[in-house]
Amino acid sequence: MNRHAWLQKHPSPLTSGGEFHWFPEGLAADDRELRAGFVERVRGVEPPAVLWQIERGRVAWGQVFSATAPLDGRRYVGLVLSVVDGDRATGDLIAMLEPPPAAPWQAGLATEAAGRELAVQELAAARREACGDVAGVARALISGGAARVDDPESARLPAWIASLERILPEPGAKPRCGVWSSAAGSGAHDRVAELAAAAWREPASHQGCGWTLLCELAAARGESLDEVGAALDAIDVGVALTAEERALVGPCAVVDVLHAWGRGRLDRSPAADTLAARLADLVALRVLARLADGDDGARRSPRHAGMRWFPTCGVRRC
C-alpha cells in the first residue's frame with residue numbers, strides 16, 4: 001500500500017483555520033518521526049523537487065510544492081509525503097510508488113492506495129530512457145545527496161529511479177536521504193557512479209561485468225562500494241602485502257609483485273600461507289580496473305618465472 005500525507009495550509013477535514021498541519025494525522029510513532037524529519041529537510045528546498053528517504057523495508061517520497069494559502073493569500077511551500085513499506089527488494093518498493101499530484105489535499109484524494117506492480121515491459125522501458133543525470137542519481141542512491149532529474153513531478157520518475165536502484169546492493173541499516181530536482185548537479189568526476197551508470201545502460205558490457213565484480217568484492221570484503229572503487233583510480237599494492245613483504249619487493253606495481261611471488265622471492269615471508277589469497281584479491285582489483293576501462297579484463301600479465309594457482313578466485317598465471 002501507498003500511504004499519503006499532506007503538509008499544507010489549505011483547509012482539510014482536520015482544520016480550516018489556515019495553519020500549517022498534516023493531513024491525515026500521524027498516529028504511529030515511526031510515522032511521526034519520519035514526518036518531523038521531512039519537515040526539517042524541506043526548509044530551503046525550492047519546488048518542484050522530491051525529498052526522498054530509502055531504508056531497508058521502507059521508501060518515503062516527499063513532493064515539494066508551492067501554493068497560495070486561501071485565507072491570507074500568501075505563498076507557502078508544502079509537501080506530499082508518500083510511503084511504501086514491505087518485505088521486498090528496495091527497487092521493487094520504489095517501483096510501487098504512485099504519488100498523488102504535487103498539490104494540497106482536496107476532496108476525492110485518497111490517503112491510501114494500492115501500490116502499482118510494473119509489468120516487465122514497463123521496467124524495460126524505464127531502463128531505455130534516462131530521466132536525468134544517470135551517474136548523479138546513481139551516486140545519490142549509493143551514498144545519499146542531491147541529483148538532477150528532468151522533471152521531479154513526472155509520474156515515470158519512481159519507475160526510472162527503481163531501475164537504477166535495482167543494480168545496487170540492498171541498503172544497510174542506515175537510511176539514505178536526498179533530493180531530486182531539476183537543478184544542475186556538481187559534475188564532479190566519480191568513477192564508481194559512472195561505472196554504475198554504464199552498467200545500467202548496458203548490463204552485458206565490460207563495464208556491466210565490472211560493476212557486478214565491484215559489488216561482489218564489496219560484499220566479500222565487508223567494505224563499501226567506494227572503498228573497493230578506490231582501485232579504479234589507483235591500486236594500492238602495499239595494502240595486500242605485509243611490512244616484511246614490502247621490504248622484499250620494494251615499490252612496485254601489481255605485475256611486479258606477481259613476478260616476485262612466481263619466482264619464489266616472497267616464500268620467506270612469515271605470512272606466506274595467506275599470500276595466495278591476498279594476491280588473488282589484488283588480481284581481482286586489477287581485473288576490475290580493466291573492466292571499468294572497457295577492456296575484457298582477461299588480458300594476460302607478463303609471464304612469471306613459475307606457475308602458481310590463486311585458489312580464492314580461480315586465477316591461473318604461467
# chains A, B, ... in the order shown; residues from 1 in each chain; ligands from 1
>>> residues_around(residues="stretch 69-75 of chain A", least_positions_apart="4", cutoff="8 Å", atoms="only C-alpha atoms", output="PyMOL selection string")
chain A and resi 9-10+18
>>> atom_distance(atom1="atom CA of A:His189", atom2="atom CA of A:Leu214")
18.0 Å
>>> closest_residue(among="A:Glu153, A:Glu165, A:Asp295, A:Asp87", to="A:Ala140", atoms="only C-alpha atoms")
A:Glu165
>>> closest_residue(among="A:Ala135, A:Ala292, A:Ala272, A:Leu51", to="A:Ala231", atoms="only C-alpha atoms")
A:Ala292
>>> atom_distance(atom1="atom CA of A:Pro101", atom2="atom CA of A:Glu40")
21.8 Å
>>> closest_residue(among="A:Cys131, A:Cys177, A:Ala103, A:Cys215", to="A:Pro152", atoms="only C-alpha atoms")
A:Cys131
>>> closest_residue(among="A:Gln63, A:Ser154, A:Ser224, A:Thr90", to="A:Val50", atoms="only C-alpha atoms")
A:Gln63
>>> decode(residues="stretch 231-248 of chain A", atoms="N, CA and C atoms", output="compact mmCIF listing (two decimals), in the first residue's frame")
# COMPACT_ATOMS: atom_id res chain seq x y z
N ALA A 231 40.14 1.51 -6.16
CA ALA A 231 41.08 0.84 -7.07
C ALA A 231 40.89 1.27 -8.51
N LEU A 232 39.74 1.88 -8.85
CA LEU A 232 39.53 2.35 -10.21
C LEU A 232 40.46 3.50 -10.56
N ASP A 233 40.89 4.25 -9.56
CA ASP A 233 41.83 5.35 -9.79
C ASP A 233 43.27 4.90 -9.60
N ALA A 234 43.53 4.10 -8.59
CA ALA A 234 44.88 3.61 -8.35
C ALA A 234 44.82 2.44 -7.39
N ILE A 235 45.49 1.34 -7.74
CA ILE A 235 45.52 0.16 -6.89
C ILE A 235 46.71 0.30 -5.93
N ASP A 236 46.43 0.24 -4.66
CA ASP A 236 47.47 0.33 -3.64
C ASP A 236 48.02 -1.07 -3.39
N VAL A 237 49.11 -1.39 -4.06
CA VAL A 237 49.69 -2.73 -3.96
C VAL A 237 50.11 -3.03 -2.53
N GLY A 238 50.60 -2.02 -1.83
CA GLY A 238 51.13 -2.23 -0.49
C GLY A 238 50.11 -2.76 0.49
N VAL A 239 48.82 -2.48 0.26
CA VAL A 239 47.79 -2.94 1.19
C VAL A 239 47.73 -4.46 1.23
N ALA A 240 48.06 -5.13 0.12
CA ALA A 240 47.98 -6.59 0.05
C ALA A 240 49.21 -7.27 0.66
N LEU A 241 50.24 -6.50 1.00
CA LEU A 241 51.49 -7.07 1.49
C LEU A 241 51.75 -6.69 2.94
N THR A 242 52.47 -7.56 3.63
CA THR A 242 52.93 -7.22 4.98
C THR A 242 54.16 -6.32 4.87
N ALA A 243 54.59 -5.78 6.01
CA ALA A 243 55.78 -4.92 6.01
C ALA A 243 57.00 -5.69 5.53
N GLU A 244 57.13 -6.97 5.94
CA GLU A 244 58.28 -7.78 5.50
C GLU A 244 58.25 -8.01 4.00
N GLU A 245 57.05 -8.24 3.45
CA GLU A 245 56.93 -8.48 2.01
C GLU A 245 57.22 -7.21 1.22
N ARG A 246 56.77 -6.08 1.73
CA ARG A 246 57.08 -4.82 1.04
C ARG A 246 58.58 -4.56 1.01
N ALA A 247 59.26 -4.95 2.07
CA ALA A 247 60.72 -4.76 2.10
C ALA A 247 61.40 -5.67 1.09
N LEU A 248 60.81 -6.86 0.83
CA LEU A 248 61.42 -7.80 -0.11
C LEU A 248 61.28 -7.36 -1.57
